[in-house]
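Structure data follow from my_file_0.pdb (PDB, C-alpha atoms and all ligand atoms):
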```pdb
ATOM      1  CA  MET F1215      11.047  56.558 148.941  1.00  0.00           C
ATOM      2  CA  SER F1216      12.171  53.967 146.388  1.00  0.00           C
ATOM      3  CA  LEU F1217      11.183  50.321 146.679  1.00  0.00           C
ATOM      4  CA  GLU F1218      14.856  49.449 147.197  1.00  0.00           C
ATOM      5  CA  ASP F1219      15.105  51.895 150.116  1.00  0.00           C
ATOM      6  CA  TYR F1220      11.930  50.408 151.600  1.00  0.00           C
ATOM      7  CA  ILE F1221      13.323  46.856 151.245  1.00  0.00           C
ATOM      8  CA  LEU F1222      16.590  47.865 152.930  1.00  0.00           C
ATOM      9  CA  GLN F1223      14.783  49.628 155.774  1.00  0.00           C
ATOM     10  CA  HIS F1224      12.797  46.458 156.445  1.00  0.00           C
ATOM     11  CA  SER F1225      15.693  44.024 156.149  1.00  0.00           C
ATOM     12  CA  ASP F1226      18.681  43.464 158.425  1.00  0.00           C
ATOM     13  CA  SER F1227      21.121  46.337 158.388  1.00  0.00           C
ATOM     14  CA  GLU F1228      24.560  45.942 156.833  1.00  0.00           C
ATOM     15  CA  PRO F1229      27.185  44.975 159.437  1.00  0.00           C
ATOM     16  CA  ALA F1230      29.572  47.880 160.108  1.00  0.00           C
ATOM     17  CA  TYR F1231      32.665  46.045 158.809  1.00  0.00           C
ATOM     18  CA  LEU F1232      30.880  45.456 155.475  1.00  0.00           C
ATOM     19  CA  THR F1233      29.856  49.119 155.217  1.00  0.00           C
ATOM     20  CA  LYS F1234      33.540  49.965 155.705  1.00  0.00           C
ATOM     21  CA  ILE F1235      34.643  47.505 152.982  1.00  0.00           C
ATOM     22  CA  SER F1236      32.048  48.902 150.591  1.00  0.00           C
ATOM     23  CA  ARG F1237      33.122  52.496 151.318  1.00  0.00           C
ATOM     24  CA  ASP F1238      36.853  51.695 151.027  1.00  0.00           C
ATOM     25  CA  THR F1239      36.245  49.791 147.788  1.00  0.00           C
ATOM     26  CA  HIS F1240      34.540  52.847 146.294  1.00  0.00           C
ATOM     27  CA  VAL F1241      37.364  55.154 147.422  1.00  0.00           C
ATOM     28  CA  LYS F1242      40.353  52.969 146.514  1.00  0.00           C
ATOM     29  CA  LEU F1243      39.447  50.838 143.484  1.00  0.00           C
ATOM     30  CA  LEU F1244      38.403  51.038 139.865  1.00  0.00           C
ATOM     31  CA  ASN F1245      35.116  49.233 139.129  1.00  0.00           C
ATOM     32  CA  PRO F1246      33.762  49.518 142.695  1.00  0.00           C
ATOM     33  CA  ARG F1247      30.344  48.425 141.378  1.00  0.00           C
ATOM     34  CA  MET F1248      31.641  44.849 141.387  1.00  0.00           C
ATOM     35  CA  VAL F1249      31.291  44.744 145.168  1.00  0.00           C
ATOM     36  CA  SER F1250      28.171  43.013 146.495  1.00  0.00           C
ATOM     37  CA  GLY F1251      26.056  45.593 148.274  1.00  0.00           C
ATOM     38  CA  HIS F1252      23.740  45.686 151.275  1.00  0.00           C
ATOM     39  CA  LEU F1253      20.767  43.794 149.766  1.00  0.00           C
ATOM     40  CA  GLN F1254      22.737  41.200 147.819  1.00  0.00           C
ATOM     41  CA  GLY F1255      24.964  40.628 150.838  1.00  0.00           C
ATOM     42  CA  ARG F1256      22.003  40.015 153.148  1.00  0.00           C
ATOM     43  CA  VAL F1257      20.456  37.621 150.593  1.00  0.00           C
ATOM     44  CA  LEU F1258      23.739  35.747 150.246  1.00  0.00           C
ATOM     45  CA  SER F1259      24.127  35.486 154.001  1.00  0.00           C
ATOM     46  CA  MET F1260      20.526  34.268 154.420  1.00  0.00           C
ATOM     47  CA  LEU F1261      20.830  31.685 151.614  1.00  0.00           C
ATOM     48  CA  CYS F1262      24.032  30.371 153.178  1.00  0.00           C
ATOM     49  CA  LYS F1263      22.367  30.131 156.593  1.00  0.00           C
ATOM     50  CA  MET F1264      19.625  28.070 154.910  1.00  0.00           C
ATOM     51  CA  ILE F1265      22.117  25.808 153.107  1.00  0.00           C
ATOM     52  CA  GLN F1266      24.484  25.530 156.117  1.00  0.00           C
ATOM     53  CA  PRO F1267      27.568  24.554 154.094  1.00  0.00           C
ATOM     54  CA  HIS F1268      30.602  23.022 155.786  1.00  0.00           C
ATOM     55  CA  LYS F1269      32.864  23.381 152.738  1.00  0.00           C
ATOM     56  CA  ALA F1270      32.261  26.376 150.532  1.00  0.00           C
ATOM     57  CA  LEU F1271      34.067  27.894 147.540  1.00  0.00           C
ATOM     58  CA  GLU F1272      33.932  31.392 146.089  1.00  0.00           C
ATOM     59  CA  ILE F1273      35.324  32.251 142.643  1.00  0.00           C
ATOM     60  CA  GLY F1274      36.096  35.995 142.508  1.00  0.00           C
ATOM     61  CA  THR F1275      36.934  37.533 145.904  1.00  0.00           C
ATOM     62  CA  PHE F1276      37.488  41.178 144.846  1.00  0.00           C
ATOM     63  CA  THR F1277      37.630  43.010 148.226  1.00  0.00           C
ATOM     64  CA  GLY F1278      36.120  40.215 150.305  1.00  0.00           C
ATOM     65  CA  TYR F1279      32.590  41.552 150.846  1.00  0.00           C
ATOM     66  CA  SER F1280      30.668  38.491 149.615  1.00  0.00           C
ATOM     67  CA  ALA F1281      33.193  36.084 151.183  1.00  0.00           C
ATOM     68  CA  LEU F1282      32.434  37.589 154.592  1.00  0.00           C
ATOM     69  CA  CYS F1283      28.678  37.294 153.935  1.00  0.00           C
ATOM     70  CA  ILE F1284      29.139  33.571 153.216  1.00  0.00           C
ATOM     71  CA  ALA F1285      31.441  33.155 156.221  1.00  0.00           C
ATOM     72  CA  GLU F1286      28.688  34.502 158.524  1.00  0.00           C
ATOM     73  CA  ALA F1287      26.886  31.205 157.967  1.00  0.00           C
ATOM     74  CA  LEU F1288      29.891  29.018 158.808  1.00  0.00           C
ATOM     75  CA  THR F1289      30.915  27.519 162.130  1.00  0.00           C
ATOM     76  CA  ASP F1290      34.553  27.472 163.222  1.00  0.00           C
ATOM     77  CA  GLU F1291      34.853  23.883 161.925  1.00  0.00           C
ATOM     78  CA  ASP F1292      33.813  24.974 158.413  1.00  0.00           C
ATOM     79  CA  VAL F1293      35.871  26.625 155.684  1.00  0.00           C
ATOM     80  CA  LEU F1294      35.317  28.945 152.751  1.00  0.00           C
ATOM     81  CA  HIS F1295      37.979  28.813 150.032  1.00  0.00           C
ATOM     82  CA  THR F1296      37.951  31.994 147.957  1.00  0.00           C
ATOM     83  CA  ILE F1297      39.975  32.577 144.788  1.00  0.00           C
ATOM     84  CA  GLU F1298      41.120  35.940 143.407  1.00  0.00           C
ATOM     85  CA  ILE F1299      43.321  36.346 140.335  1.00  0.00           C
ATOM     86  CA  ASP F1300      44.479  39.921 141.076  1.00  0.00           C
ATOM     87  CA  ASP F1301      47.469  39.678 143.419  1.00  0.00           C
ATOM     88  CA  GLU F1302      47.385  43.450 144.033  1.00  0.00           C
ATOM     89  CA  LEU F1303      44.196  42.894 146.048  1.00  0.00           C
ATOM     90  CA  GLU F1304      45.769  40.358 148.433  1.00  0.00           C
ATOM     91  CA  ASP F1305      46.768  42.764 151.249  1.00  0.00           C
ATOM     92  CA  LEU F1306      43.448  44.591 151.164  1.00  0.00           C
ATOM     93  CA  ILE F1307      41.467  41.331 151.198  1.00  0.00           C
ATOM     94  CA  LEU F1308      43.427  39.968 154.167  1.00  0.00           C
ATOM     95  CA  GLU F1309      43.011  43.291 155.996  1.00  0.00           C
ATOM     96  CA  ASN F1310      39.253  43.126 155.364  1.00  0.00           C
ATOM     97  CA  PHE F1311      39.035  39.527 156.597  1.00  0.00           C
ATOM     98  CA  ALA F1312      40.974  40.485 159.741  1.00  0.00           C
ATOM     99  CA  GLY F1313      38.448  43.263 160.402  1.00  0.00           C
ATOM    100  CA  SER F1314      35.580  40.792 160.806  1.00  0.00           C
ATOM    101  CA  GLU F1315      34.865  38.161 163.435  1.00  0.00           C
ATOM    102  CA  HIS F1316      34.126  35.738 160.548  1.00  0.00           C
ATOM    103  CA  GLY F1317      37.333  36.241 158.573  1.00  0.00           C
ATOM    104  CA  HIS F1318      39.298  33.416 160.207  1.00  0.00           C
ATOM    105  CA  ARG F1319      37.030  30.850 158.493  1.00  0.00           C
ATOM    106  CA  ILE F1320      38.171  31.972 155.033  1.00  0.00           C
ATOM    107  CA  LYS F1321      41.171  30.656 153.101  1.00  0.00           C
ATOM    108  CA  LEU F1322      42.314  33.013 150.338  1.00  0.00           C
ATOM    109  CA  HIS F1323      43.962  31.643 147.186  1.00  0.00           C
ATOM    110  CA  ILE F1324      45.607  34.093 144.809  1.00  0.00           C
ATOM    111  CA  GLY F1325      45.640  32.896 141.199  1.00  0.00           C
ATOM    112  CA  ASN F1326      43.473  31.793 138.320  1.00  0.00           C
ATOM    113  CA  ALA F1327      40.460  29.842 139.578  1.00  0.00           C
ATOM    114  CA  LEU F1328      40.672  27.466 136.617  1.00  0.00           C
ATOM    115  CA  GLU F1329      44.167  26.451 137.743  1.00  0.00           C
ATOM    116  CA  ILE F1330      43.454  26.443 141.491  1.00  0.00           C
ATOM    117  CA  ILE F1331      40.136  24.549 141.558  1.00  0.00           C
ATOM    118  CA  PRO F1332      41.695  21.228 140.388  1.00  0.00           C
ATOM    119  CA  THR F1333      44.208  21.468 143.271  1.00  0.00           C
ATOM    120  CA  LEU F1334      41.513  21.812 145.975  1.00  0.00           C
ATOM    121  CA  ASN F1335      40.999  18.470 147.636  1.00  0.00           C
ATOM    122  CA  GLU F1336      37.466  19.129 148.927  1.00  0.00           C
ATOM    123  CA  VAL F1337      33.872  18.109 148.282  1.00  0.00           C
ATOM    124  CA  PHE F1338      31.860  21.336 148.338  1.00  0.00           C
ATOM    125  CA  ASP F1339      28.381  21.973 149.716  1.00  0.00           C
ATOM    126  CA  LEU F1340      28.204  25.433 148.148  1.00  0.00           C
ATOM    127  CA  VAL F1341      29.984  27.308 145.348  1.00  0.00           C
ATOM    128  CA  PHE F1342      29.522  31.025 144.617  1.00  0.00           C
ATOM    129  CA  ILE F1343      30.560  31.972 141.057  1.00  0.00           C
ATOM    130  CA  ASP F1344      31.286  35.705 140.678  1.00  0.00           C
ATOM    131  CA  ALA F1345      34.429  36.153 138.559  1.00  0.00           C
ATOM    132  CA  ASP F1346      35.093  36.641 134.812  1.00  0.00           C
ATOM    133  CA  LYS F1347      31.775  36.427 132.944  1.00  0.00           C
ATOM    134  CA  ARG F1348      33.615  35.007 129.899  1.00  0.00           C
ATOM    135  CA  GLU F1349      34.536  31.893 131.896  1.00  0.00           C
ATOM    136  CA  TYR F1350      31.260  30.992 133.637  1.00  0.00           C
ATOM    137  CA  THR F1351      30.815  27.713 131.777  1.00  0.00           C
ATOM    138  CA  ALA F1352      34.419  26.755 132.474  1.00  0.00           C
ATOM    139  CA  TYR F1353      33.988  27.501 136.206  1.00  0.00           C
ATOM    140  CA  PHE F1354      30.792  25.441 136.262  1.00  0.00           C
ATOM    141  CA  GLU F1355      32.480  22.487 134.582  1.00  0.00           C
ATOM    142  CA  ALA F1356      35.487  22.730 136.898  1.00  0.00           C
ATOM    143  CA  VAL F1357      33.445  22.769 140.131  1.00  0.00           C
ATOM    144  CA  PHE F1358      30.615  20.403 139.218  1.00  0.00           C
ATOM    145  CA  PRO F1359      32.568  17.162 139.919  1.00  0.00           C
ATOM    146  CA  LYS F1360      33.638  18.621 143.289  1.00  0.00           C
ATOM    147  CA  LEU F1361      30.087  19.511 144.345  1.00  0.00           C
ATOM    148  CA  ARG F1362      28.269  16.949 146.469  1.00  0.00           C
ATOM    149  CA  ASN F1363      24.879  15.644 145.379  1.00  0.00           C
ATOM    150  CA  GLY F1364      22.321  18.038 146.900  1.00  0.00           C
ATOM    151  CA  GLY F1365      24.940  20.821 146.935  1.00  0.00           C
ATOM    152  CA  PHE F1366      24.337  24.314 145.559  1.00  0.00           C
ATOM    153  CA  ILE F1367      25.990  26.660 143.076  1.00  0.00           C
ATOM    154  CA  LEU F1368      25.042  30.349 143.181  1.00  0.00           C
ATOM    155  CA  ALA F1369      26.001  32.206 139.990  1.00  0.00           C
ATOM    156  CA  ASP F1370      25.915  36.013 140.056  1.00  0.00           C
ATOM    157  CA  ASN F1371      25.196  38.498 137.231  1.00  0.00           C
ATOM    158  CA  THR F1372      23.284  36.002 135.102  1.00  0.00           C
ATOM    159  CA  LEU F1373      20.888  38.685 133.792  1.00  0.00           C
ATOM    160  CA  TRP F1374      23.891  40.856 132.893  1.00  0.00           C
ATOM    161  CA  ASN F1375      22.194  44.222 133.212  1.00  0.00           C
ATOM    162  CA  GLY F1376      19.227  42.931 131.192  1.00  0.00           C
ATOM    163  CA  LYS F1377      21.445  42.351 128.141  1.00  0.00           C
ATOM    164  CA  VAL F1378      20.349  38.709 128.013  1.00  0.00           C
ATOM    165  CA  VAL F1379      17.095  39.953 126.474  1.00  0.00           C
ATOM    166  CA  THR F1380      17.826  43.470 125.193  1.00  0.00           C
ATOM    167  CA  GLU F1381      20.754  42.678 122.910  1.00  0.00           C
ATOM    168  CA  ALA F1382      19.330  41.334 119.655  1.00  0.00           C
ATOM    169  CA  LYS F1383      22.684  40.143 118.316  1.00  0.00           C
ATOM    170  CA  PRO F1384      25.254  40.545 121.081  1.00  0.00           C
ATOM    171  CA  ASN F1385      28.855  40.565 119.960  1.00  0.00           C
ATOM    172  CA  ASP F1386      30.648  41.277 123.230  1.00  0.00           C
ATOM    173  CA  ARG F1387      32.146  38.156 124.745  1.00  0.00           C
ATOM    174  CA  GLN F1388      30.717  38.670 128.216  1.00  0.00           C
ATOM    175  CA  THR F1389      27.091  38.818 127.062  1.00  0.00           C
ATOM    176  CA  MET F1390      27.623  35.919 124.654  1.00  0.00           C
ATOM    177  CA  GLU F1391      29.128  33.758 127.385  1.00  0.00           C
ATOM    178  CA  ILE F1392      26.399  34.585 129.929  1.00  0.00           C
ATOM    179  CA  LEU F1393      23.804  33.610 127.281  1.00  0.00           C
ATOM    180  CA  ARG F1394      25.666  30.357 126.615  1.00  0.00           C
ATOM    181  CA  PHE F1395      25.959  29.623 130.337  1.00  0.00           C
ATOM    182  CA  ASN F1396      22.260  30.299 130.973  1.00  0.00           C
ATOM    183  CA  ASP F1397      21.227  28.032 128.054  1.00  0.00           C
ATOM    184  CA  LEU F1398      23.532  25.274 129.250  1.00  0.00           C
ATOM    185  CA  ILE F1399      22.205  25.487 132.820  1.00  0.00           C
ATOM    186  CA  ALA F1400      18.579  25.536 131.616  1.00  0.00           C
ATOM    187  CA  SER F1401      19.047  22.362 129.549  1.00  0.00           C
ATOM    188  CA  ASP F1402      21.142  20.373 132.060  1.00  0.00           C
ATOM    189  CA  ASP F1403      18.940  17.723 133.690  1.00  0.00           C
ATOM    190  CA  ARG F1404      21.547  16.833 136.347  1.00  0.00           C
ATOM    191  CA  ILE F1405      20.561  20.028 138.159  1.00  0.00           C
ATOM    192  CA  GLU F1406      17.555  22.021 139.384  1.00  0.00           C
ATOM    193  CA  LYS F1407      17.767  25.770 138.757  1.00  0.00           C
ATOM    194  CA  VAL F1408      15.984  29.076 139.204  1.00  0.00           C
ATOM    195  CA  ILE F1409      17.053  32.648 138.399  1.00  0.00           C
ATOM    196  CA  LEU F1410      16.298  35.239 141.083  1.00  0.00           C
ATOM    197  CA  PRO F1411      15.906  38.758 139.617  1.00  0.00           C
ATOM    198  CA  LEU F1412      18.066  40.116 142.433  1.00  0.00           C
ATOM    199  CA  ARG F1413      20.232  43.066 141.388  1.00  0.00           C
ATOM    200  CA  ASP F1414      21.975  41.692 138.267  1.00  0.00           C
ATOM    201  CA  GLY F1415      20.430  38.204 138.449  1.00  0.00           C
ATOM    202  CA  LEU F1416      21.423  35.370 140.764  1.00  0.00           C
ATOM    203  CA  THR F1417      20.999  31.786 139.533  1.00  0.00           C
ATOM    204  CA  ILE F1418      20.491  29.138 142.206  1.00  0.00           C
ATOM    205  CA  ILE F1419      21.547  25.691 141.015  1.00  0.00           C
ATOM    206  CA  ARG F1420      21.084  22.441 142.955  1.00  0.00           C
ATOM    207  CA  LYS F1421      22.911  19.266 141.973  1.00  0.00           C
ATOM    208  CA  LYS F1422      20.428  16.361 142.027  1.00  0.00           C
TER     209      LYS F1422
HETATM  210  C1  LIG R1501      32.596  40.863 140.432  1.00  0.00           C
HETATM  211  S1  LIG R1501      34.149  40.811 141.217  1.00  0.00           S
HETATM  212  C2  LIG R1501      33.802  39.842 142.665  1.00  0.00           C
HETATM  213  C3  LIG R1501      32.971  40.568 143.673  1.00  0.00           C
HETATM  214  C4  LIG R1501      32.879  39.885 145.009  1.00  0.00           C
HETATM  215  N1  LIG R1501      32.492  38.493 144.888  1.00  0.00           N
HETATM  216  C5  LIG R1501      31.850  40.601 145.839  1.00  0.00           C
HETATM  217  O1  LIG R1501      30.666  40.273 145.704  1.00  0.00           O
HETATM  218  O2  LIG R1501      32.206  41.521 146.573  1.00  0.00           O
HETATM  219  C6  LIG R1501      35.034  39.654 140.210  1.00  0.00           C
HETATM  220  C7  LIG R1501      36.436  39.324 140.702  1.00  0.00           C
HETATM  221  O3  LIG R1501      36.858  38.131 140.030  1.00  0.00           O
HETATM  222  C8  LIG R1501      38.244  38.213 139.787  1.00  0.00           C
HETATM  223  N2  LIG R1501      38.589  37.244 138.727  1.00  0.00           N
HETATM  224  C9  LIG R1501      38.412  37.384 137.380  1.00  0.00           C
HETATM  225  N3  LIG R1501      38.829  36.279 136.736  1.00  0.00           N
HETATM  226  C10 LIG R1501      39.254  35.408 137.692  1.00  0.00           C
HETATM  227  C11 LIG R1501      39.794  34.095 137.657  1.00  0.00           C
HETATM  228  N4  LIG R1501      39.956  33.438 136.495  1.00  0.00           N
HETATM  229  N5  LIG R1501      40.140  33.495 138.838  1.00  0.00           N
HETATM  230  C12 LIG R1501      39.956  34.147 140.011  1.00  0.00           C
HETATM  231  N6  LIG R1501      39.454  35.412 140.103  1.00  0.00           N
HETATM  232  C13 LIG R1501      39.099  36.021 138.958  1.00  0.00           C
HETATM  233  C14 LIG R1501      38.442  39.682 139.421  1.00  0.00           C
HETATM  234  O4  LIG R1501      39.801  40.075 139.577  1.00  0.00           O
HETATM  235  C15 LIG R1501      37.472  40.392 140.380  1.00  0.00           C
HETATM  236  O5  LIG R1501      38.129  40.787 141.567  1.00  0.00           O
END
```
As structure tokens, the full file:
Amino acid sequence: MSLEDYILQHSDSEPAYLTKISRDTHVKLLNPRMVSGHLQGRVLSMLCKMIQPHKALEIGTFTGYSALCIAEALTDEDVLHTIEIDDELEDLILENFAGSEHGHRIKLHIGNALEIIPTLNEVFDLVFIDADKREYTAYFEAVFPKLRNGGFILADNTLWNGKVVTEAKPNDRQTMEILRFNDLIASDDRIEKVILPLRDGLTIIRKK
């Protein structure tokens, strides 16, 4: 048995509606690996239950898996705004939200997050960044003024398949931008931060 199998067997199981989303994503879409899986989903849900956000934001919905993990931690008075640039995913996302008892707490925005974020009139307790790796710094700068003091940003894929250390001279824009983002976060004294080596790296950032 692998360590990952052992961890999953001794953690909460994946809710059935999330197993369905994961399976459908693999059958219907290109790049199904982008979907958060069982372990990452349970970690996200647990972190959100610890943070107890009332206003949350997700950048990069894809098929709605991680949005529903965040929404598990919300009450019916709370809201998760989630932004997805690919309008072809809209029907599938809404279908997936409707298939969960938590979906009604989520507001989907279709469009570019960098254009939509300035229009959101909210102060956020939690932001989950999981969209285009080439724009991580731009997302961070766009959401930071809208994050309350003591609020959290979770940024996914910040170890980028280990390329942050294995590429001597990276020349692809995604690796270069993740490196830039990680350096910027590390040197920013307005925030506390720690990288969890979960799957592809999850950075937890707290605004002081
Ligand atoms: C890694 S996937 C998100 C996975 C999802 N959060 C999950 O865990 O299941 C990244 C998504 O971000 C979307 N995206 C990329 N650039 C974006 C942008 N500028 N604004 C909003 N969404 C964007 C992509 O279309 C893709 O669906």
Item to complete: Provide the CA of Glu1272 (chain F) to CA of Glu1391 (chain F) distance in Å, to one decimal place.
Response: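 These atoms are spaced 19.5 Å apart.
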What are the nearest atom pairs, with distances in Å to one decimal, for all residues of chain F that come at most 10 Å from ligand LIG 1501 (chain R), using only C-alpha atoms and all ligand atoms, set out by chain and rising residue number as a tab-separated table?
```
residue	atom	partner	partner_atom	distance
F:Leu1232	CA	R:LIG1501	O2	9.8
F:Ile1235	CA	R:LIG1501	O2	9.1
F:Ser1236	CA	R:LIG1501	O2	8.4
F:Thr1239	CA	R:LIG1501	O2	9.3
F:Asn1245	CA	R:LIG1501	S1	8.7
F:Pro1246	CA	R:LIG1501	S1	8.8
F:Arg1247	CA	R:LIG1501	C1	7.9
F:Met1248	CA	R:LIG1501	C1	4.2
F:Val1249	CA	R:LIG1501	O2	3.6
F:Ser1250	CA	R:LIG1501	O1	3.8
F:Gly1251	CA	R:LIG1501	O1	7.5
F:Gln1254	CA	R:LIG1501	O1	8.3
F:Gly1255	CA	R:LIG1501	O1	7.7
F:Leu1258	CA	R:LIG1501	O1	9.4
F:Glu1272	CA	R:LIG1501	N1	7.3
F:Ile1273	CA	R:LIG1501	C12	5.7
F:Gly1274	CA	R:LIG1501	O3	3.4
F:Thr1275	CA	R:LIG1501	N1	4.7
F:Phe1276	CA	R:LIG1501	O5	3.4
F:Thr1277	CA	R:LIG1501	O2	5.9
F:Gly1278	CA	R:LIG1501	O2	5.6
F:Tyr1279	CA	R:LIG1501	O2	4.3
F:Ser1280	CA	R:LIG1501	O1	4.3
F:Ala1281	CA	R:LIG1501	N1	6.8
F:Leu1282	CA	R:LIG1501	O2	8.9
F:Cys1283	CA	R:LIG1501	O1	9.0
F:Thr1296	CA	R:LIG1501	C12	8.5
F:Ile1297	CA	R:LIG1501	C12	5.0
F:Glu1298	CA	R:LIG1501	N6	3.7
F:Ile1299	CA	R:LIG1501	N6	4.0
F:Asp1300	CA	R:LIG1501	O4	4.9
F:Asp1301	CA	R:LIG1501	O4	8.6
F:Glu1302	CA	R:LIG1501	O4	9.4
F:Leu1303	CA	R:LIG1501	O5	7.8
F:His1323	CA	R:LIG1501	C12	8.6
F:Ile1324	CA	R:LIG1501	C12	7.4
F:Gly1325	CA	R:LIG1501	C12	5.9
F:Asn1326	CA	R:LIG1501	N5	3.8
F:Ala1327	CA	R:LIG1501	N5	3.7
F:Leu1328	CA	R:LIG1501	N4	6.0
F:Glu1329	CA	R:LIG1501	N5	8.2
F:Ile1330	CA	R:LIG1501	N5	8.2
F:Ile1331	CA	R:LIG1501	N5	9.4
F:Phe1342	CA	R:LIG1501	N1	8.0
F:Ile1343	CA	R:LIG1501	N1	7.8
F:Asp1344	CA	R:LIG1501	N1	5.2
F:Ala1345	CA	R:LIG1501	O3	3.5
F:Asp1346	CA	R:LIG1501	N3	4.2
F:Lys1347	CA	R:LIG1501	N3	8.0
F:Arg1348	CA	R:LIG1501	N3	8.7
F:Glu1349	CA	R:LIG1501	N4	7.3
F:Tyr1350	CA	R:LIG1501	N4	9.5
F:Ala1352	CA	R:LIG1501	N4	9.6
F:Tyr1353	CA	R:LIG1501	N4	8.4
F:Asp1370	CA	R:LIG1501	C1	8.3
F:Asn1371	CA	R:LIG1501	C1	8.4
```
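Taking all atoms listed in the file into account, the residues near (21.2, 38.9, 140.9), no farther than 8 Å, are F:Gln1254, F:Asp1370, F:Asn1371, F:Thr1372, F:Leu1373, F:Ile1409, F:Leu1410, F:Pro1411, F:Leu1412, F:Arg1413, F:Asp1414, F:Gly1415, F:Leu1416, F:Thr1417.
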Those residues you just picked out, can you put them in a file as a PDB file, keeping the file's coordinate frame with C-alpha atoms?
```pdb
ATOM      1  CA  GLN F1254      22.737  41.200 147.819  1.00  0.00           C
ATOM      2  CA  ASP F1370      25.915  36.013 140.056  1.00  0.00           C
ATOM      3  CA  ASN F1371      25.196  38.498 137.231  1.00  0.00           C
ATOM      4  CA  THR F1372      23.284  36.002 135.102  1.00  0.00           C
ATOM      5  CA  LEU F1373      20.888  38.685 133.792  1.00  0.00           C
ATOM      6  CA  ILE F1409      17.053  32.648 138.399  1.00  0.00           C
ATOM      7  CA  LEU F1410      16.298  35.239 141.083  1.00  0.00           C
ATOM      8  CA  PRO F1411      15.906  38.758 139.617  1.00  0.00           C
ATOM      9  CA  LEU F1412      18.066  40.116 142.433  1.00  0.00           C
ATOM     10  CA  ARG F1413      20.232  43.066 141.388  1.00  0.00           C
ATOM     11  CA  ASP F1414      21.975  41.692 138.267  1.00  0.00           C
ATOM     12  CA  GLY F1415      20.430  38.204 138.449  1.00  0.00           C
ATOM     13  CA  LEU F1416      21.423  35.370 140.764  1.00  0.00           C
ATOM     14  CA  THR F1417      20.999  31.786 139.533  1.00  0.00           C
TER      15      THR F1417
END
```
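Applied to this file, the PyMOL selection byres (((chain F and resi 1231) around 12) and not hetatm) selects the residues Ser1227, Glu1228, Pro1229, Ala1230, Leu1232, Thr1233, Lys1234, Ile1235, Ser1236, Arg1237, Asp1238, His1252, Gly1278, Tyr1279, Leu1282, Cys1283, Glu1309, Asn1310, Phe1311, Ala1312, Gly1313, Ser1314, Glu1315, His1316 and Gly1317 of chain F.
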Discussion item. For the PyMOL selection byres (((chain F and resi 1287) around 12) and not hetatm), applied here, can you spell out every residue it catches as an MDAnalysis selection string?
Written reply: chainID F and resid 1255:1270 1280:1286 1288:1294 1315:1317 1319:1320 1340
With C-alpha atoms kept, could you save the residues just selected as a PDB file, in the frame of the given file?
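File out.pdb, as written:
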```pdb
ATOM      1  CA  GLY F1255      24.964  40.628 150.838  1.00  0.00           C
ATOM      2  CA  ARG F1256      22.003  40.015 153.148  1.00  0.00           C
ATOM      3  CA  VAL F1257      20.456  37.621 150.593  1.00  0.00           C
ATOM      4  CA  LEU F1258      23.739  35.747 150.246  1.00  0.00           C
ATOM      5  CA  SER F1259      24.127  35.486 154.001  1.00  0.00           C
ATOM      6  CA  MET F1260      20.526  34.268 154.420  1.00  0.00           C
ATOM      7  CA  LEU F1261      20.830  31.685 151.614  1.00  0.00           C
ATOM      8  CA  CYS F1262      24.032  30.371 153.178  1.00  0.00           C
ATOM      9  CA  LYS F1263      22.367  30.131 156.593  1.00  0.00           C
ATOM     10  CA  MET F1264      19.625  28.070 154.910  1.00  0.00           C
ATOM     11  CA  ILE F1265      22.117  25.808 153.107  1.00  0.00           C
ATOM     12  CA  GLN F1266      24.484  25.530 156.117  1.00  0.00           C
ATOM     13  CA  PRO F1267      27.568  24.554 154.094  1.00  0.00           C
ATOM     14  CA  HIS F1268      30.602  23.022 155.786  1.00  0.00           C
ATOM     15  CA  LYS F1269      32.864  23.381 152.738  1.00  0.00           C
ATOM     16  CA  ALA F1270      32.261  26.376 150.532  1.00  0.00           C
ATOM     17  CA  SER F1280      30.668  38.491 149.615  1.00  0.00           C
ATOM     18  CA  ALA F1281      33.193  36.084 151.183  1.00  0.00           C
ATOM     19  CA  LEU F1282      32.434  37.589 154.592  1.00  0.00           C
ATOM     20  CA  CYS F1283      28.678  37.294 153.935  1.00  0.00           C
ATOM     21  CA  ILE F1284      29.139  33.571 153.216  1.00  0.00           C
ATOM     22  CA  ALA F1285      31.441  33.155 156.221  1.00  0.00           C
ATOM     23  CA  GLU F1286      28.688  34.502 158.524  1.00  0.00           C
ATOM     24  CA  LEU F1288      29.891  29.018 158.808  1.00  0.00           C
ATOM     25  CA  THR F1289      30.915  27.519 162.130  1.00  0.00           C
ATOM     26  CA  ASP F1290      34.553  27.472 163.222  1.00  0.00           C
ATOM     27  CA  GLU F1291      34.853  23.883 161.925  1.00  0.00           C
ATOM     28  CA  ASP F1292      33.813  24.974 158.413  1.00  0.00           C
ATOM     29  CA  VAL F1293      35.871  26.625 155.684  1.00  0.00           C
ATOM     30  CA  LEU F1294      35.317  28.945 152.751  1.00  0.00           C
ATOM     31  CA  GLU F1315      34.865  38.161 163.435  1.00  0.00           C
ATOM     32  CA  HIS F1316      34.126  35.738 160.548  1.00  0.00           C
ATOM     33  CA  GLY F1317      37.333  36.241 158.573  1.00  0.00           C
ATOM     34  CA  ARG F1319      37.030  30.850 158.493  1.00  0.00           C
ATOM     35  CA  ILE F1320      38.171  31.972 155.033  1.00  0.00           C
ATOM     36  CA  LEU F1340      28.204  25.433 148.148  1.00  0.00           C
TER      37      LEU F1340
END
```
Please, what is the axis-aligned box for every listed atom of region 1394-1406 of chain F with 3 Å on each side, as centre and edge lengths in Å to one decimal, as AutoDock Vina command-line options?
```
--center_x 21.8 --center_y 23.6 --center_z 133.0 --size_x 14.4 --size_y 19.5 --size_z 18.8
```
Discussion item. One decimal, in Å: what's the spacing between CA of Asn1363 (chain F) and CA of Phe1338 (chain F)?
Written reply: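 Distance between the two atoms: 9.5 Å.
With distances restricted to only C-alpha atoms, F:Asn1375 is the closest residue to Thr1389 (chain F) from F:Asn1335, F:Thr1351, F:Gln1223, F:Asn1375.
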